[in-house]
Each structure stands twice: as C-alpha cells, then as structure tokens.
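Q: Below you'll find run16.pdb; it's PDB, C-alpha atoms.
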MODEL        1
ATOM      1  CA  MET Z  23      74.306  94.265 168.267
ATOM      2  CA  LYS Z  24      72.522  97.359 166.924
ATOM      3  CA  LYS Z  25      73.614  98.871 163.629
ATOM      4  CA  MET Z  26      72.999 102.245 162.043
ATOM      5  CA  PHE Z  27      73.177 102.337 158.258
ATOM      6  CA  LEU Z  28      74.291 105.709 156.912
ATOM      7  CA  VAL Z  29      72.350 106.656 153.781
ATOM      8  CA  PHE Z  30      73.565 110.183 153.228
ATOM      9  CA  SER Z  31      76.414 111.803 151.334
ATOM     10  CA  HIS Z  32      78.601 113.328 154.023
ATOM     11  CA  SER Z  33      80.494 112.098 157.078
ATOM     12  CA  LEU Z  34      78.948 111.412 160.449
ATOM     13  CA  THR Z  35      80.084 113.955 163.058
ATOM     14  CA  GLN Z  36      81.395 113.033 166.477
ATOM     15  CA  SER Z  37      78.296 114.506 168.155
ATOM     16  CA  GLN Z  38      76.069 112.412 165.855
ATOM     17  CA  ARG Z  39      78.038 109.263 166.778
ATOM     18  CA  GLU Z  40      77.702 110.040 170.468
ATOM     19  CA  ASP Z  41      73.968 110.718 170.118
ATOM     20  CA  ALA Z  42      73.359 107.442 168.254
ATOM     21  CA  VAL Z  43      75.327 105.431 170.801
ATOM     22  CA  SER Z  44      73.762 107.033 173.882
ATOM     23  CA  ASN Z  45      70.143 107.263 172.677
ATOM     24  CA  PHE Z  46      69.795 104.225 170.389
ATOM     25  CA  GLY Z  47      72.521 101.905 171.718
ATOM     26  CA  ILE Z  48      74.277 101.735 168.347
ATOM     27  CA  ASP Z  49      77.285  99.399 168.291
ATOM     28  CA  GLU Z  50      78.234  99.687 164.619
ATOM     29  CA  PHE Z  51      77.948 102.341 161.903
ATOM     30  CA  VAL Z  52      77.670 100.983 158.369
ATOM     31  CA  THR Z  53      78.456 103.333 155.493
ATOM     32  CA  LEU Z  54      77.280 102.968 151.923
ATOM     33  CA  PRO Z  55      79.848 101.383 149.611
ATOM     34  CA  ASP Z  56      81.520 103.991 147.369
ATOM     35  CA  GLU Z  57      79.492 102.947 144.301
ATOM     36  CA  LEU Z  58      76.201 103.421 146.145
ATOM     37  CA  LYS Z  59      77.376 106.622 147.833
ATOM     38  CA  LYS Z  60      77.998 108.093 144.358
ATOM     39  CA  ILE Z  61      74.474 107.104 143.290
ATOM     40  CA  TRP Z  62      72.935 108.633 146.426
ATOM     41  CA  ALA Z  63      74.915 111.873 146.043
ATOM     42  CA  SER Z  64      73.887 112.369 142.416
ATOM     43  CA  ILE Z  65      70.225 111.414 142.035
ATOM     44  CA  PRO Z  66      69.463 112.709 138.513
ATOM     45  CA  PRO Z  67      67.104 115.702 138.710
ATOM     46  CA  GLU Z  68      65.948 115.217 135.104
ATOM     47  CA  ALA Z  69      64.835 111.587 135.591
ATOM     48  CA  LYS Z  70      61.106 110.933 135.535
ATOM     49  CA  SER Z  71      61.608 108.020 137.959
ATOM     50  CA  ILE Z  72      64.481 107.338 140.341
ATOM     51  CA  ARG Z  73      63.245 103.938 141.466
ATOM     52  CA  LEU Z  74      66.065 101.997 139.775
ATOM     53  CA  CYS Z  75      68.720 104.133 141.482
ATOM     54  CA  VAL Z  76      67.093 103.750 144.851
ATOM     55  CA  ASP Z  77      66.425 100.013 144.391
ATOM     56  CA  LYS Z  78      70.186  99.333 144.443
ATOM     57  CA  ILE Z  79      70.503 101.073 147.800
ATOM     58  CA  ALA Z  80      67.405  99.366 149.219
ATOM     59  CA  GLU Z  81      68.758  95.973 148.127
ATOM     60  CA  TRP Z  82      72.081  96.668 149.850
ATOM     61  CA  ILE Z  83      70.274  97.652 153.059
ATOM     62  CA  LYS Z  84      68.105  94.523 152.881
ATOM     63  CA  GLN Z  85      71.110  92.229 152.417
ATOM     64  CA  ASN Z  86      73.077  93.730 155.312
ATOM     65  CA  SER Z  87      70.505  94.711 157.941
ATOM     66  CA  SER Z  88      68.380  92.996 160.539
ATOM     67  CA  GLN Z  89      64.961  94.004 161.826
ATOM     68  CA  GLY Z  90      65.286  96.783 164.385
ATOM     69  CA  ASP Z  91      68.437  98.288 162.857
ATOM     70  CA  TYR Z  92      68.479 102.052 162.370
ATOM     71  CA  VAL Z  93      68.893 103.783 159.014
ATOM     72  CA  LEU Z  94      69.981 107.421 158.898
ATOM     73  CA  VAL Z  95      68.374 108.747 155.687
ATOM     74  CA  GLN Z  96      68.962 112.252 154.329
ATOM     75  CA  GLY Z  97      69.235 113.462 150.751
ATOM     76  CA  ASP Z  98      67.132 114.000 147.642
ATOM     77  CA  PHE Z  99      63.539 114.379 148.818
ATOM     78  CA  GLY Z 100      62.031 111.680 146.579
ATOM     79  CA  ALA Z 101      64.858 109.210 147.171
ATOM     80  CA  THR Z 102      64.601 109.779 150.913
ATOM     81  CA  LEU Z 103      60.860 109.114 150.815
ATOM     82  CA  LEU Z 104      61.396 105.825 148.960
ATOM     83  CA  ILE Z 105      64.092 104.595 151.359
ATOM     84  CA  VAL Z 106      62.105 105.647 154.431
ATOM     85  CA  ASP Z 107      59.068 103.742 153.125
ATOM     86  CA  PHE Z 108      61.295 100.738 152.399
ATOM     87  CA  CYS Z 109      62.576 100.866 155.987
ATOM     88  CA  PHE Z 110      59.072 100.923 157.466
ATOM     89  CA  GLU Z 111      58.035  97.973 155.296
ATOM     90  CA  ASN Z 112      61.092  95.931 156.339
ATOM     91  CA  GLY Z 113      61.098  96.463 160.102
ATOM     92  CA  LEU Z 114      63.918  98.995 160.119
ATOM     93  CA  ILE Z 115      63.916 102.309 161.985
ATOM     94  CA  PRO Z 116      64.505 105.318 159.714
ATOM     95  CA  VAL Z 117      65.906 108.460 161.368
ATOM     96  CA  TYR Z 118      67.233 111.870 160.396
ATOM     97  CA  SER Z 119      69.413 114.473 162.053
ATOM     98  CA  THR Z 120      67.921 117.715 163.305
ATOM     99  CA  THR Z 121      70.199 120.750 163.355
ATOM    100  CA  ALA Z 122      70.505 124.220 164.801
ATOM    101  CA  ARG Z 123      71.395 126.635 162.019
ATOM    102  CA  ASP Z 124      73.198 129.942 162.034
ATOM    103  CA  ALA Z 125      73.813 132.211 159.040
ATOM    104  CA  ASP Z 126      76.379 134.954 158.717
ATOM    105  CA  GLU Z 127      75.654 137.312 155.820
ATOM    106  CA  LYS Z 128      77.988 139.955 154.388
ATOM    107  CA  THR Z 129      77.059 142.471 151.693
ATOM    108  CA  PHE Z 130      79.898 143.899 149.622
ATOM    109  CA  ALA Z 131      80.203 147.302 147.902
ATOM    110  CA  ASP Z 132      79.582 145.747 144.470
ATOM    111  CA  GLY Z 133      76.206 144.387 145.641
ATOM    112  CA  THR Z 134      77.262 140.752 146.011
ATOM    113  CA  VAL Z 135      76.227 138.861 149.117
ATOM    114  CA  LYS Z 136      78.210 136.103 150.793
ATOM    115  CA  VAL Z 137      76.344 133.804 153.161
ATOM    116  CA  GLN Z 138      78.102 131.340 155.439
ATOM    117  CA  ARG Z 139      75.900 128.762 157.132
ATOM    118  CA  THR Z 140      76.806 126.760 160.194
ATOM    119  CA  PHE Z 141      74.888 123.621 161.143
ATOM    120  CA  LYS Z 142      75.134 121.867 164.509
ATOM    121  CA  HIS Z 143      73.594 118.478 165.237
ATOM    122  CA  VAL Z 144      70.897 118.623 167.912
ATOM    123  CA  ARG Z 145      69.351 115.145 167.920
ATOM    124  CA  PHE Z 146      68.169 112.265 165.779
ATOM    125  CA  ARG Z 147      64.455 112.072 165.143
ATOM    126  CA  LYS Z 148      62.552 109.037 163.914
ATOM    127  CA  TYR Z 149      60.619 109.445 160.685
ATOM    128  CA  GLU Z 150      56.883 109.106 161.214
ATOM    129  CA  ARG Z 151      53.963 108.316 158.991
ATOM    130  CA  TRP Z 152      50.208 108.496 159.355
ATOM    131  CA  LYS Z 153      48.223 105.266 159.582
ATOM    132  CA  TYR Z 154      44.467 105.019 159.228
ATOM    133  CA  GLY Z 155      43.361 101.450 159.683
ATOM    134  CA  ASN Z 156      45.388  99.360 157.257
ATOM    135  CA  LYS Z 157      46.203 102.328 155.035
ATOM    136  CA  VAL Z 158      49.387 104.393 155.243
ATOM    137  CA  PHE Z 159      49.552 107.963 154.029
ATOM    138  CA  PHE Z 160      52.394 110.356 153.485
ATOM    139  CA  ILE Z 161      50.942 113.824 153.808
ATOM    140  CA  PHE Z 162      52.503 116.828 152.123
ATOM    141  CA  ARG Z 163      51.187 120.333 152.245
ATOM    142  CA  TYR Z 164      52.210 122.978 149.791
ATOM    143  CA  ARG Z 165      51.342 126.620 149.862
ATOM    144  CA  GLN Z 166      51.482 128.969 146.971
ATOM    145  CA  ILE Z 167      53.703 131.989 147.433
ATOM    146  CA  CYS Z 168      52.875 134.970 145.198
TER     147      CYS Z 168
ENDMDL
END
Translate the structure of the given file into structure tokens.
A:
Amino acid sequence: MKKMFLVFSHSLTQSQREDAVSNFGIDEFVTLPDELKKIWASIPPEAKSIRLCVDKIAEWIKQNSSQGDYVLVQGDFGATLLIVDFCFENGLIPVYSTTARDADEKTFADGTVKVQRTFKHVRFRKYERWKYGNKVFFIFRYRQIC
C-alpha cells in the first residue's frame, strides 16, 4: 500500500489526487495533524534556525511512513529543503506540484492595482539533487538585480 504524506498548508485538489493515484499508485493520503499543520503554516521568519520546528514534522513522518512512500512537500523554502533532505536520507520520495498560472490584473482610477491569480495543477515532479561520488550538493544560483 503506497502512501503520500501531505506536508503543505492547503488542501489537496481533486486533480492532484487523481494524478497521485494514476502516476504513483497512491492508495492513501496522510495529512499532517492539526498541531503540525499550524507549525508548517507559520514557520517564523525572524528565527535564526528553524530546525526544531521542522524536526517535529520529520519525526512524525519517520514514525508513520515506510521506505518508498511519497511526501508532497511545499512551503517555506528553508523548511522545504530540510524536509526534502530528510526524505532522501530516509528512503522516501519527495515531490512537489507544478502549476500553470494565469494572472488577471485591473488598474483602477485611483492608481490601485488588483491582481487575481489562478493556479491549476499540471503534474507532480520528484525533487532532485546532485550527487558527485559520495557527496550530495544542493545548488542554488542567485543573480543580482539592479
């Protein structure tokens, strides 16, 4: 029986459920308990380290998962990185949802702008990481915008 653990702060859509079932053979979706969902949804931006917050979620995943289970991980960038790394180290398969995005923008007479964004699930994609020999690297590239 294949499980998908949902480590994100919103609800799974019907198209996401269908995708997970048809492409990964998921039999069961496991949501974060309310206490952990609150932690995940409010990772403190002022904290120097978020490891203790994320450790609670990683421990819950470890206690409830089996090797080969999927983990849908989306949220705070640093927290996501930690959970994805945890998944790789524990034989789990971390994935994220890709979306098609559409924006509708209206400008009003007073100069204010209202933007409405629509997101539609396209597919799940497995997280990847670079391996060189026995070393694993997460590579980030930043560019300066002036």
Q: With the PyMOL selection byres ((chain Z and resi 34) around 12) as the selection, what would be picked from this file? Answer as an MDAnalysis selection string, please.
A: chainID Z and resid 26:33 35:42 51:53 94:96 118:119 142:143
Q: In terms of the shortest atom-to-atom distance over all atoms listed in the file, which of Z:Glu81, Z:Glu57, Z:Asp126, Z:Glu150 is closest to Leu103 in chain Z?
A: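 When distances to Leu103 in chain Z are compared using all atoms listed in the file, the smallest one comes from Z:Glu150.
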Q: Would you list the contacts of Asp91 in chain Z as a CSV table (one decimal) with C-alpha atoms, in the frame of the given file, taking every protein, DNA or RNA residue within 6 Å and counting only C-alpha atoms, but skipping same-chain residues closer than 6 positions in sequence?
A:
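That gives us result.csv:
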chain,number,residue,atom,x,y,z
Z,24,LYS,CA,72.5,97.4,166.9
Z,25,LYS,CA,73.6,98.9,163.6
Z,114,LEU,CA,63.9,99.0,160.1
Q: Please provide the set of residues having any atom within 9 Å of Ile115 in chain Z, restricted to all atoms listed in the file, with same-chain residues fewer than 5 positions apart removed, written as a ChimeraX atom specification.
A: /Z:89-94,106,109-110,148-149
Q: Just the residues within 12 Å of Ala122 in chain Z, please, counting only C-alpha atoms, with nothing from its chain fewer than 6 positions along; format it as a ChimeraX atom specification.
A: /Z:139-145
Q: Using Å and a single decimal, report how far CA of Arg151 in chain Z sits from CA of Leu58 in chain Z.
A: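 Atom-to-atom, CA of Leu58 in chain Z to CA of Arg151 in chain Z, that is 26.1 Å.
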Q: Would you kindly translate the PyMOL selection byres ((chain Z and resi 100) around 12) into the concrete residues it picks from this file, as a ChimeraX atom specification?
A: /Z:62,65-67,69-73,75-76,95-99,101-107,160
Q: For each of Z:Phe108, Z:Gln138, Z:Ile48, Z:Gly113, take the minimum atom-to-atom distance to Ala125 in chain Z, counting only C-alpha atoms, then give the residue where this is smallest.
A: Z:Gln138
Q: When you draw a straight line from CA of Glu111 in chain Z to CA of Asn86 in chain Z, how long is it in Å?
A: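 Taking CA of Glu111 in chain Z and CA of Asn86 in chain Z, their separation equals 15.6 Å.
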Q: Could you check which of Z:Glu68, Z:Ser44, Z:Asp49, Z:Asn112 is closest to Ala80 in chain Z, using only C-alpha atoms?
A: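 Smallest separation from Ala80 in chain Z among the options: Z:Asn112.
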Q: What does the distance between CA of Asn45 in chain Z and CA of Met23 in chain Z come to in Å, to one decimal place?
A: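 Taking CA of Asn45 in chain Z and CA of Met23 in chain Z, their separation equals 14.3 Å.
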Q: How big is the axis-aligned box, and where does its centre sit, when it encloses all atoms of range 135-143 of chain Z listed in the file and has 4 Å added on every side, reported in Å to one decimal as lines of an AutoDock Vina configuration file?
A:
center_x = 75.9
center_y = 128.7
center_z = 157.2
size_x = 12.6
size_y = 28.4
size_z = 24.1
Q: Counting all atoms listed in the file, figure out which residue out of Z:Ile61, Z:Leu74, Z:Leu54, Z:Ile83 gets nearest to Pro116 in chain Z.
A: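 Of Z:Ile61, Z:Leu74, Z:Leu54, Z:Ile83, the one nearest Pro116 in chain Z is Z:Ile83, counting all atoms listed in the file.
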